[in-house]
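First the structure, in the form of C-alpha cells, and then the observations on it.
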Amino acid sequence: MKKKELGKQIRYLRQKKNIEPEKLCLGVCSTNTLDRLERGERLPDYFVMERILERTGKSMNKMEVLTDWDAYKIYYLREMIETDLDDGEYKSAAEGILYYEGLEAAGQALHRQYICKIKAILAEEHYGNTEESCEYLEKAVLCTLPGFQLGIIGDHIMGEEEMTLILMWLEQKIRLGETGMTRYGEKIFDYIRRTFDDEESLANIYGKAAWIFMREYVREGKWVETAGIGIRAMEILTSNGMLLNLPQIMELLLGCYEKLDREAYGALKAERDSLKWVYETYGKEYETGRGRLWKNCHRKGIYLIPEVMRQERKLTGKSQERVAVELGIDQKTISRIENGRYKPKRETFRKLREYYGIEMDICNACLTVEDFELLEWERDIAREVFYRRYDEAERLYCKLKDKLDLGYNNNRQYCLYFDALFDERNGNITKEELLQQCEKAFTVTRRNCRWEDLSCVVLNRIETSIMNVIAKTYGRIDHKEKEIYILEQVLRGFENSRVDVRYHYASVALIYVHLAGKYEESDQFDRAIDMYENGIRLCLRCERGDILGKYILEKIYTETRKNGEREANKNLYRQAYQLLKLMKMKSLKEKLEKFYHNKYNKNIN
C-alpha cells in the first residue's frame, strides 16, 4: 500500500465514521501530522500509525509492515517482556521495562502508556499490590485519553490497545471491591460491537470483556446471562481461529452448562479436555483462573528495511560500491542501512526502492484498494480456500476482482494467481499451464528471484501462497524432489531472517503443513513429525487454533505409519476430532468421522 493509499484509507475511514480529526489523533499525534499523513505527505512512526488505524476500528493484522531496526527492536523488546510475564519471570520482565525506560522513545505518549501497562501487571502479579496496579492503569489510559470517564465511554475514540487498558482497569476496580460494575457491561459491549468492525480486533476485545462480565454475572448467580455472553464470545473467537482467552471463557461457560444444560456441558467438556491436553502435552500452561487481559493477538507481517535492502541488492548481483555509484549515494550510507545502523531518509528510501524495483512500502496491504472493506473480502476468500470451500471462494473472488485496479502490481499478481487456481480446478487449464501461470504471477513482484535464491529472501503472504502452489504442482507432475526443495528454500528464507517467524504466522504455518506431508510421503517420518510439532508450537505461541487440529491429526497419521497401529491412537484421533469440532473445521472433521468408523467400526463422537 503506497503512502497516498494508506492516507486515503485513514481519511476514508475517519469520514465514514464521522470522526473529528482532533478526536482521532488525541494524545497520539498532532492534527497537522494526521493531515500530512492523510494527504500522503508523511508517514508517522510505526506505533503512531498502528494506533491511528486502530481508532478507526481496523487493525494492522491485514498489513505487512516494513520497519527500521530501531522500531523492530522496541517491538521485539515488548514481545520479550510479555513472554517473561507469561512465564512468571517477573524479575526479567522488570529488567526489560527498566531498559525500555532508558530508550530515547520512552518519553513519547504511546511508549509511556505501554510502560505504565507493564508496571501495572508487575504490581499486581509480582508484588500483589492491586491498588498500585490500578493507579498505573489509570495513568496508562490518561496518556492518550485525557479526561476519560467510564460512564461516558461512547464519547471517546479508542483503539484496540486502549480498550484493553480500560478493561484491565475495570478488572482492578472490581478486585479492589468496587460494586455494580456490571452496569457498564451493556455500554461496553455496545461500544465494542459498534467500533471494532475488524473481525480479529473484535474477537480480541470481545473475549476480554466477556471474561470480566461473565465472572461478575456468575457472582450474582445470573447463569442465563453468563451463558449468553459466553456462547457469543466462543463463536467469535473460534470463527477467527483464536485461542487467546478461550480457555477462560470455556471454563466459565462449563460452569453455566453444568447448571442449565447437561448435554451441552458434556459436548463442551470434551472440546475443553482436548484443548487442555494439547497445552499440557506441549508444555504450555492451560490458564483458566485468570484471563490474560494484557495480551493481544496480532498477525501482522513484519519485515526489516536492512534485510530487504541487503536481500534485493544480492539478488541483482551488485556490490554496495556499484549501487552507491549508480545512485549517487555514499557507499558508507548503503552499508549503514544494510547493517541497520542508519534509518534511511525518505528520499534515500525512495531511490533504493525504485532502483531495486521493490514493491513493498512502509505499510502494505495484500491489495491496493480504495475501500478497506475489500481487504475483508480478501481475508474471507483466503479463509474459504483454507477450509476448501472453493465454490464460495470463487464467488467472492469474482466480486472482488471487478473492483480491483490491475494497474497495481500486487493486484495484478493476486488476480493472475487466483485466475490460474480456479481455472485449473474447473478444468480449463492443465497442471502444466497452472505451473506456468503461477510462475508468471510470482515474477510480477520477484523478477530477479530464482528458486535457489528463495532461502535468501522473506516472501510476503501472497508470494508464499504462490510458491506453495508451484511446489505442489511440481509434485503433481512427478517432480517430488523439486517440490520439497522449493518448500525447504522458502522456509529457510523465514528462518534465516532476524524477524521472529511468529510475525509471519500464516506463511510459515502453510509451509510447515505442506512440507511435513511431503516428508511423510517420502518415508522421512522423523522429519515430518518434527515439522508438525513445530507447527503445533507455533500455533500455541501465536494463540491460534485454526490449523491446530490438522497438525495433530497429520502427526497421528505419520506416527502410525512409522510405529504401526497402537491402542492409544484411538484416543489421539478423538482428541484431534474435538479440536476440529471446536475450531469449526467441518470438512476435515467429517473426513475423520468416516476414517475412524471404517478403521474401528465405531463412531468417533
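Every chain in the C-alpha cells has a letter given in the order shown (A, B, ...), and although residue numbers restart at 1 in each chain, ligands are simply numbered from 1 in the order shown.
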*Please, which residues of range 422-580 of chain A, numbered as in this document, come out alpha helix (DSSP H) from DSSP, as a PyMOL selection string?*
chain A and resi 422-425+431-443+461-476+480-495+505-521+525-541+548-563+568-580
Residue selection dump (C-alpha atoms) as a JSON list (two decimals), in the first residue's frame:
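The result, written out as out_27.json:
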[["chain", "number", "residue", "atom", "x", "y", "z"],
["A", 422, "PHE", "CA", -9.76, -21.54, -10.23],
["A", 423, "ASP", "CA", -9.16, -22.24, -13.94],
["A", 424, "GLU", "CA", -7.22, -25.41, -13.11],
["A", 425, "ARG", "CA", -9.80, -26.51, -10.57],
["A", 431, "LYS", "CA", -1.38, -28.73, -14.46],
["A", 432, "GLU", "CA", 1.49, -27.59, -16.65],
["A", 433, "GLU", "CA", -0.40, -24.42, -17.59],
["A", 434, "LEU", "CA", -1.19, -23.81, -13.92],
["A", 435, "LEU", "CA", 2.52, -24.01, -13.21],
["A", 436, "GLN", "CA", 3.36, -21.53, -15.98],
["A", 437, "GLN", "CA", 0.72, -19.04, -14.87],
["A", 438, "CYS", "CA", 1.74, -19.22, -11.20],
["A", 439, "GLU", "CA", 5.38, -18.69, -12.14],
["A", 440, "LYS", "CA", 4.28, -15.68, -14.19],
["A", 441, "ALA", "CA", 2.34, -14.34, -11.20],
["A", 442, "PHE", "CA", 5.36, -14.76, -8.93],
["A", 443, "THR", "CA", 7.65, -12.79, -11.23],
["A", 461, "ARG", "CA", 1.90, -13.89, 2.21],
["A", 462, "ILE", "CA", 0.68, -13.96, -1.39],
["A", 463, "GLU", "CA", 4.14, -14.77, -2.74],
["A", 464, "THR", "CA", 4.33, -17.66, -0.25],
["A", 465, "SER", "CA", 0.91, -18.94, -1.34],
["A", 466, "ILE", "CA", 2.01, -18.83, -4.98],
["A", 467, "MET", "CA", 5.24, -20.70, -4.26],
["A", 468, "ASN", "CA", 3.26, -23.27, -2.25],
["A", 469, "VAL", "CA", 1.03, -23.94, -5.27],
["A", 470, "ILE", "CA", 4.04, -24.05, -7.60],
["A", 471, "ALA", "CA", 5.71, -26.63, -5.34],
["A", 472, "LYS", "CA", 2.50, -28.64, -5.05],
["A", 473, "THR", "CA", 2.05, -28.61, -8.83],
["A", 474, "TYR", "CA", 5.59, -29.89, -9.38],
["A", 475, "GLY", "CA", 4.69, -32.75, -7.05],
["A", 476, "ARG", "CA", 1.54, -33.49, -9.03],
["A", 480, "LYS", "CA", 8.63, -34.70, -5.91],
["A", 481, "GLU", "CA", 12.21, -33.74, -5.15],
["A", 482, "LYS", "CA", 11.72, -30.29, -6.67],
["A", 483, "GLU", "CA", 8.53, -29.86, -4.65],
["A", 484, "ILE", "CA", 10.40, -30.50, -1.40],
["A", 485, "TYR", "CA", 13.37, -28.38, -2.48],
["A", 486, "ILE", "CA", 11.20, -25.31, -3.15],
["A", 487, "LEU", "CA", 9.35, -25.64, 0.16],
["A", 488, "GLU", "CA", 12.60, -26.04, 2.10],
["A", 489, "GLN", "CA", 14.07, -22.98, 0.42],
["A", 490, "VAL", "CA", 11.03, -20.83, 1.23],
["A", 491, "LEU", "CA", 11.07, -21.97, 4.86],
["A", 492, "ARG", "CA", 14.80, -21.22, 5.18],
["A", 493, "GLY", "CA", 14.09, -17.69, 3.99],
["A", 494, "PHE", "CA", 11.85, -17.13, 7.02],
["A", 495, "GLU", "CA", 14.15, -18.97, 9.42],
["A", 505, "TYR", "CA", 2.47, -16.97, 11.08],
["A", 506, "ALA", "CA", 0.15, -17.55, 8.11],
["A", 507, "SER", "CA", 3.01, -18.12, 5.65],
["A", 508, "VAL", "CA", 5.13, -20.32, 7.91],
["A", 509, "ALA", "CA", 2.16, -22.41, 9.10],
["A", 510, "LEU", "CA", 1.24, -23.09, 5.46],
["A", 511, "ILE", "CA", 4.76, -24.29, 4.61],
["A", 512, "TYR", "CA", 5.04, -26.42, 7.76],
["A", 513, "VAL", "CA", 1.93, -28.46, 6.99],
["A", 514, "HIS", "CA", 2.76, -28.93, 3.28],
["A", 515, "LEU", "CA", 6.42, -29.79, 3.83],
["A", 516, "ALA", "CA", 5.61, -32.20, 6.67],
["A", 517, "GLY", "CA", 3.17, -34.01, 4.38],
["A", 518, "LYS", "CA", 5.83, -34.39, 1.69],
["A", 519, "TYR", "CA", 8.34, -35.75, 4.22],
["A", 520, "GLU", "CA", 5.75, -38.28, 5.36],
["A", 521, "GLU", "CA", 5.02, -39.38, 1.77],
["A", 525, "PHE", "CA", 8.91, -39.86, 9.28],
["A", 526, "ASP", "CA", 11.06, -38.17, 11.91],
["A", 527, "ARG", "CA", 11.42, -35.01, 9.83],
["A", 528, "ALA", "CA", 7.66, -34.96, 9.23],
["A", 529, "ILE", "CA", 6.89, -35.37, 12.94],
["A", 530, "ASP", "CA", 9.36, -32.60, 13.86],
["A", 531, "MET", "CA", 7.71, -30.31, 11.32],
["A", 532, "TYR", "CA", 4.21, -31.00, 12.67],
["A", 533, "GLU", "CA", 5.42, -30.36, 16.21],
["A", 534, "ASN", "CA", 7.00, -27.07, 15.10],
["A", 535, "GLY", "CA", 3.61, -26.13, 13.67],
["A", 536, "ILE", "CA", 1.77, -27.04, 16.88],
["A", 537, "ARG", "CA", 4.15, -24.97, 18.99],
["A", 538, "LEU", "CA", 3.85, -22.05, 16.57],
["A", 539, "CYS", "CA", 0.05, -22.18, 16.90],
["A", 540, "LEU", "CA", 0.29, -22.10, 20.69],
["A", 541, "ARG", "CA", 2.85, -19.27, 20.65],
["A", 548, "LEU", "CA", -4.07, -26.89, 15.33],
["A", 549, "GLY", "CA", -6.37, -29.90, 14.85],
["A", 550, "LYS", "CA", -4.98, -30.55, 11.38],
["A", 551, "TYR", "CA", -1.40, -30.61, 12.71],
["A", 552, "ILE", "CA", -2.40, -33.06, 15.47],
["A", 553, "LEU", "CA", -4.28, -35.30, 13.05],
["A", 554, "GLU", "CA", -1.49, -35.42, 10.47],
["A", 555, "LYS", "CA", 1.06, -36.14, 13.19],
["A", 556, "ILE", "CA", -1.01, -39.16, 14.31],
["A", 557, "TYR", "CA", -1.18, -40.47, 10.73],
["A", 558, "THR", "CA", 2.60, -40.15, 10.41],
["A", 559, "GLU", "CA", 3.35, -41.82, 13.74],
["A", 560, "THR", "CA", 1.01, -44.68, 12.78],
["A", 561, "ARG", "CA", 2.95, -45.21, 9.57],
["A", 562, "LYS", "CA", 6.23, -45.12, 11.48],
["A", 563, "ASN", "CA", 5.33, -47.26, 14.51],
["A", 568, "ALA", "CA", -3.53, -45.19, 22.10],
["A", 569, "ASN", "CA", -4.24, -43.96, 18.56],
["A", 570, "LYS", "CA", -7.98, -44.25, 19.13],
["A", 571, "ASN", "CA", -7.81, -41.66, 21.89],
["A", 572, "LEU", "CA", -5.49, -39.42, 19.86],
["A", 573, "TYR", "CA", -7.92, -39.42, 16.93],
["A", 574, "ARG", "CA", -10.70, -38.44, 19.32],
["A", 575, "GLN", "CA", -8.59, -35.59, 20.67],
["A", 576, "ALA", "CA", -7.95, -34.32, 17.13],
["A", 577, "TYR", "CA", -11.65, -34.68, 16.32],
["A", 578, "GLN", "CA", -12.70, -32.48, 19.24],
["A", 579, "LEU", "CA", -10.19, -29.80, 18.21],
["A", 580, "LEU", "CA", -11.51, -29.82, 14.64]]
*asked:* Need to verify the contact set: Ile74 in chain A, 12 Å, only C-alpha atoms, exclusion of same-chain residues closer than 3 positions in sequence. Can you return it as a PyMOL selection string?
replied: chain A and resi 45-47+67-71+77-81+96-97+99-106+110-111+114-115
Can those selected residues be exported to a file as a tab-separated table (two decimals), in the first residue's frame so that it contains N, CA and C atoms?
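out-v3.tsv was written with the following content:
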chain	number	residue	atom	x	y	z
A	45	ASP	N	5.69	7.28	12.65
A	45	ASP	CA	6.38	6.05	13.02
A	45	ASP	C	5.36	4.92	13.17
A	46	TYR	N	5.90	3.71	13.28
A	46	TYR	CA	5.05	2.51	13.26
A	46	TYR	C	3.98	2.54	14.35
A	47	PHE	N	4.35	2.92	15.57
A	47	PHE	CA	3.43	2.84	16.70
A	47	PHE	C	2.30	3.86	16.57
A	67	THR	N	9.81	-2.00	8.50
A	67	THR	CA	10.23	-1.10	9.57
A	67	THR	C	11.75	-1.04	9.68
A	68	ASP	N	12.20	0.03	10.31
A	68	ASP	CA	13.64	0.14	10.56
A	68	ASP	C	13.98	-0.73	11.77
A	69	TRP	N	15.27	-0.92	11.97
A	69	TRP	CA	15.74	-1.82	13.02
A	69	TRP	C	15.38	-1.31	14.41
A	70	ASP	N	15.44	0.01	14.63
A	70	ASP	CA	15.13	0.57	15.95
A	70	ASP	C	13.69	0.30	16.35
A	71	ALA	N	12.75	0.49	15.41
A	71	ALA	CA	11.34	0.24	15.72
A	71	ALA	C	11.10	-1.24	15.99
A	77	LEU	N	11.35	-6.10	21.93
A	77	LEU	CA	11.53	-5.93	23.37
A	77	LEU	C	10.19	-6.12	24.09
A	78	ARG	N	9.14	-5.55	23.53
A	78	ARG	CA	7.81	-5.74	24.11
A	78	ARG	C	7.44	-7.23	24.12
A	79	GLU	N	7.76	-7.89	23.05
A	79	GLU	CA	7.45	-9.32	22.95
A	79	GLU	C	8.18	-10.11	24.03
A	80	MET	N	9.44	-9.79	24.26
A	80	MET	CA	10.22	-10.50	25.27
A	80	MET	C	9.70	-10.22	26.68
A	81	ILE	N	9.33	-8.98	26.94
A	81	ILE	CA	8.77	-8.62	28.24
A	81	ILE	C	7.49	-9.40	28.49
A	96	GLY	N	13.51	-5.72	31.82
A	96	GLY	CA	13.19	-5.31	30.46
A	96	GLY	C	12.51	-3.96	30.42
A	97	ILE	N	11.59	-3.71	31.35
A	97	ILE	CA	10.88	-2.43	31.34
A	97	ILE	C	11.79	-1.30	31.81
A	99	TYR	N	15.00	-1.19	31.10
A	99	TYR	CA	15.77	-0.90	29.88
A	99	TYR	C	14.93	-0.05	28.93
A	100	TYR	N	13.65	-0.39	28.80
A	100	TYR	CA	12.73	0.34	27.93
A	100	TYR	C	12.68	1.81	28.34
A	101	GLU	N	12.60	2.06	29.65
A	101	GLU	CA	12.50	3.44	30.14
A	101	GLU	C	13.73	4.26	29.77
A	102	GLY	N	14.86	3.60	29.52
A	102	GLY	CA	16.07	4.32	29.17
A	102	GLY	C	16.19	4.65	27.70
A	103	LEU	N	15.26	4.15	26.88
A	103	LEU	CA	15.30	4.43	25.45
A	103	LEU	C	14.86	5.86	25.15
A	104	GLU	N	15.38	6.41	24.08
A	104	GLU	CA	15.04	7.78	23.70
A	104	GLU	C	13.54	7.94	23.45
A	105	ALA	N	12.92	6.90	22.88
A	105	ALA	CA	11.50	6.99	22.53
A	105	ALA	C	10.57	6.91	23.74
A	106	ALA	N	11.10	6.52	24.92
A	106	ALA	CA	10.26	6.24	26.08
A	106	ALA	C	9.44	7.43	26.55
A	110	LEU	N	2.74	7.05	23.56
A	110	LEU	CA	2.40	5.64	23.35
A	110	LEU	C	3.37	4.72	24.09
A	111	HIS	N	4.61	5.13	24.21
A	111	HIS	CA	5.59	4.32	24.94
A	111	HIS	C	5.41	4.48	26.45
A	114	TYR	N	2.61	2.20	27.38
A	114	TYR	CA	2.99	0.79	27.45
A	114	TYR	C	3.77	0.50	28.73
A	115	ILE	N	4.68	1.40	29.11
A	115	ILE	CA	5.48	1.20	30.32
A	115	ILE	C	4.57	1.16	31.55
_Distance of CA of Lys345 in chain A from CA of Arg313 in chain A, expressed in Å to one decimal place_ = 18.3 Å
*Tell me, as JSON, numbers by chain, which residues lie within 9 Å of range 174-187 of chain A, counting only C-alpha atoms; anything in the same chain fewer than 3 positions away does not count.*
{"A": [130, 131, 134, 150, 151, 152, 153, 154, 169, 170, 171, 190, 191, 192, 209, 213, 216, 217]}
Would you save the residues from that selection as a compact mmCIF listing (two decimals), in the first residue's frame, using N, CA, C and O atoms?
# COMPACT_ATOMS: atom_id res chain seq x y z
N THR A 130 -2.71 -4.50 44.32
CA THR A 130 -3.79 -4.19 43.39
C THR A 130 -4.03 -2.69 43.29
O THR A 130 -4.32 -2.16 42.20
N GLU A 131 -3.90 -1.99 44.40
CA GLU A 131 -4.15 -0.55 44.39
C GLU A 131 -3.14 0.18 43.51
O GLU A 131 -3.50 1.04 42.70
N CYS A 134 -3.87 -0.50 39.89
CA CYS A 134 -4.99 0.31 39.41
C CYS A 134 -4.54 1.73 39.07
O CYS A 134 -4.95 2.31 38.07
N LEU A 150 -15.45 6.34 32.46
CA LEU A 150 -16.07 5.08 32.08
C LEU A 150 -17.56 5.25 31.79
O LEU A 150 -18.11 4.60 30.91
N GLY A 151 -18.20 6.15 32.53
CA GLY A 151 -19.64 6.32 32.37
C GLY A 151 -20.05 6.91 31.03
O GLY A 151 -21.20 6.76 30.61
N ILE A 152 -19.12 7.62 30.37
CA ILE A 152 -19.44 8.21 29.06
C ILE A 152 -18.47 7.66 28.01
O ILE A 152 -17.90 8.39 27.21
N ILE A 153 -18.29 6.34 28.03
CA ILE A 153 -17.33 5.68 27.15
C ILE A 153 -17.60 5.97 25.67
O ILE A 153 -16.69 6.06 24.86
N GLY A 154 -18.88 6.15 25.33
CA GLY A 154 -19.24 6.39 23.93
C GLY A 154 -18.74 7.71 23.38
O GLY A 154 -18.75 7.92 22.16
N TRP A 169 -8.24 -1.99 33.69
CA TRP A 169 -8.53 -1.03 34.75
C TRP A 169 -9.84 -1.41 35.45
O TRP A 169 -9.93 -1.42 36.68
N LEU A 170 -10.83 -1.76 34.66
CA LEU A 170 -12.12 -2.17 35.20
C LEU A 170 -11.97 -3.41 36.09
O LEU A 170 -12.55 -3.49 37.18
N GLU A 171 -11.17 -4.37 35.61
CA GLU A 171 -10.96 -5.58 36.41
C GLU A 171 -10.32 -5.25 37.75
O GLU A 171 -10.70 -5.80 38.79
N ASP A 190 -21.75 -2.69 23.69
CA ASP A 190 -22.30 -1.91 22.57
C ASP A 190 -21.19 -1.13 21.87
O ASP A 190 -21.12 -1.09 20.64
N TYR A 191 -20.27 -0.54 22.67
CA TYR A 191 -19.16 0.21 22.08
C TYR A 191 -18.26 -0.71 21.26
O TYR A 191 -17.82 -0.36 20.15
N ILE A 192 -17.97 -1.89 21.80
CA ILE A 192 -17.12 -2.85 21.09
C ILE A 192 -17.74 -3.25 19.76
O ILE A 192 -17.07 -3.27 18.72
N ALA A 209 -13.62 -8.66 27.35
CA ALA A 209 -14.80 -8.12 28.03
C ALA A 209 -15.72 -9.24 28.51
O ALA A 209 -16.28 -9.17 29.61
N PHE A 213 -17.14 -9.78 32.48
CA PHE A 213 -18.56 -9.68 32.85
C PHE A 213 -19.18 -11.04 33.12
O PHE A 213 -20.11 -11.15 33.92
N GLU A 216 -18.54 -11.64 36.75
CA GLU A 216 -19.40 -10.84 37.61
C GLU A 216 -20.82 -11.39 37.65
O GLU A 216 -21.46 -11.44 38.70
N TYR A 217 -21.30 -11.83 36.48
CA TYR A 217 -22.65 -12.40 36.44
C TYR A 217 -22.71 -13.72 37.22
O TYR A 217 -23.72 -14.04 37.86
*asked:* One number please: CA of Thr316 in chain A to CA of Leu352 in chain A, in Å, one decimal.
replied: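 Interatomic distance, CA of Thr316 in chain A to CA of Leu352 in chain A: 12.6 Å.
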Closest-contact table, range 332-383 of chain A side, partner range 240-262 of chain A, 12 Å, counting only C-alpha atoms, as a tab-separated table:
residue	atom	partner	partner_atom	distance
A:Arg379	CA	A:Asn240	CA	10.8
A:Asp380	CA	A:Asn240	CA	10.7
A:Arg383	CA	A:Asn240	CA	9.5
Can you list every residue of range 383-420 of chain A that has an atom at most 10 Å from range 585-593 of chain A, with its nearest atom pair and the distance in Å to one decimal, using only C-alpha atoms, ordered by chain then number, as JSON lines?
{"residue": "A:Phe386", "atom": "CA", "partner": "A:Met585", "partner_atom": "CA", "distance": 9.7}
{"residue": "A:Tyr387", "atom": "CA", "partner": "A:Met585", "partner_atom": "CA", "distance": 6.9}
{"residue": "A:Arg388", "atom": "CA", "partner": "A:Ser587", "partner_atom": "CA", "distance": 7.6}
{"residue": "A:Arg389", "atom": "CA", "partner": "A:Ser587", "partner_atom": "CA", "distance": 8.7}
Those residues you just picked out, can you put them in a file as a PDB file, in the first residue's frame with N, CA, C and O atoms?
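Here's the written file result13.pdb:
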ATOM      1  N   PHE A 386      -8.830 -21.930   2.542  1.00  0.00           N
ATOM      2  CA  PHE A 386      -8.230 -22.718   3.620  1.00  0.00           C
ATOM      3  C   PHE A 386      -9.157 -23.854   4.053  1.00  0.00           C
ATOM      4  O   PHE A 386      -8.719 -24.989   4.272  1.00  0.00           O
ATOM      5  N   TYR A 387     -10.449 -23.559   4.154  1.00  0.00           N
ATOM      6  CA  TYR A 387     -11.419 -24.577   4.557  1.00  0.00           C
ATOM      7  C   TYR A 387     -11.921 -25.422   3.372  1.00  0.00           C
ATOM      8  O   TYR A 387     -12.830 -26.217   3.510  1.00  0.00           O
ATOM      9  N   ARG A 388     -11.327 -25.193   2.194  1.00  0.00           N
ATOM     10  CA  ARG A 388     -11.635 -25.934   0.970  1.00  0.00           C
ATOM     11  C   ARG A 388     -13.083 -25.756   0.506  1.00  0.00           C
ATOM     12  O   ARG A 388     -13.668 -26.647  -0.102  1.00  0.00           O
ATOM     13  N   ARG A 389     -13.621 -24.577   0.768  1.00  0.00           N
ATOM     14  CA  ARG A 389     -14.943 -24.225   0.260  1.00  0.00           C
ATOM     15  C   ARG A 389     -14.726 -23.392  -1.011  1.00  0.00           C
ATOM     16  O   ARG A 389     -14.896 -22.177  -1.030  1.00  0.00           O
TER      17      ARG A 389
END
_Contacts of Arg193 in chain A within 12 Å, only C-alpha atoms, excl. fewer than 5 positions in-chain, as an NGL selection string_ = :A and (57 or 154 or 186-188 or 198-199 or 201-206 or 209 or 232-233 or 236)
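Between Glu359 in chain A and the residues A:Glu312, A:Asp197, A:Glu160, A:Glu373, the shortest atom-to-atom distance, using only C-alpha atoms, involves A:Glu312.
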*Of the residues A:Ser455, A:Gln172, A:Gln9, A:Thr195, which is the one nearest to Arg39 in chain A, using only C-alpha atoms?*
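When distances to Arg39 in chain A are compared using only C-alpha atoms, the smallest one comes from A:Gln9.
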*asked:* DSSP on the backbone, strand (DSSP E) only: what residues of range 287-421 of chain A does that give? Format it as a PyMOL selection string.
replied: chain A and resi 301-304+363-365
*For CA of Met309 in chain A and CA of Lys73 in chain A, the interatomic separation in Å (one decimal)*: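 One can read the CA of Met309 in chain A to CA of Lys73 in chain A distance as 17.8 Å.
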_From the options A:Glu543, A:Tyr600, A:Ile52, A:Leu26, which residue's atoms come nearest to Glu567 in chain A, counting only C-alpha atoms?_
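The answer is A:Tyr600, which sits nearest to Glu567 in chain A.
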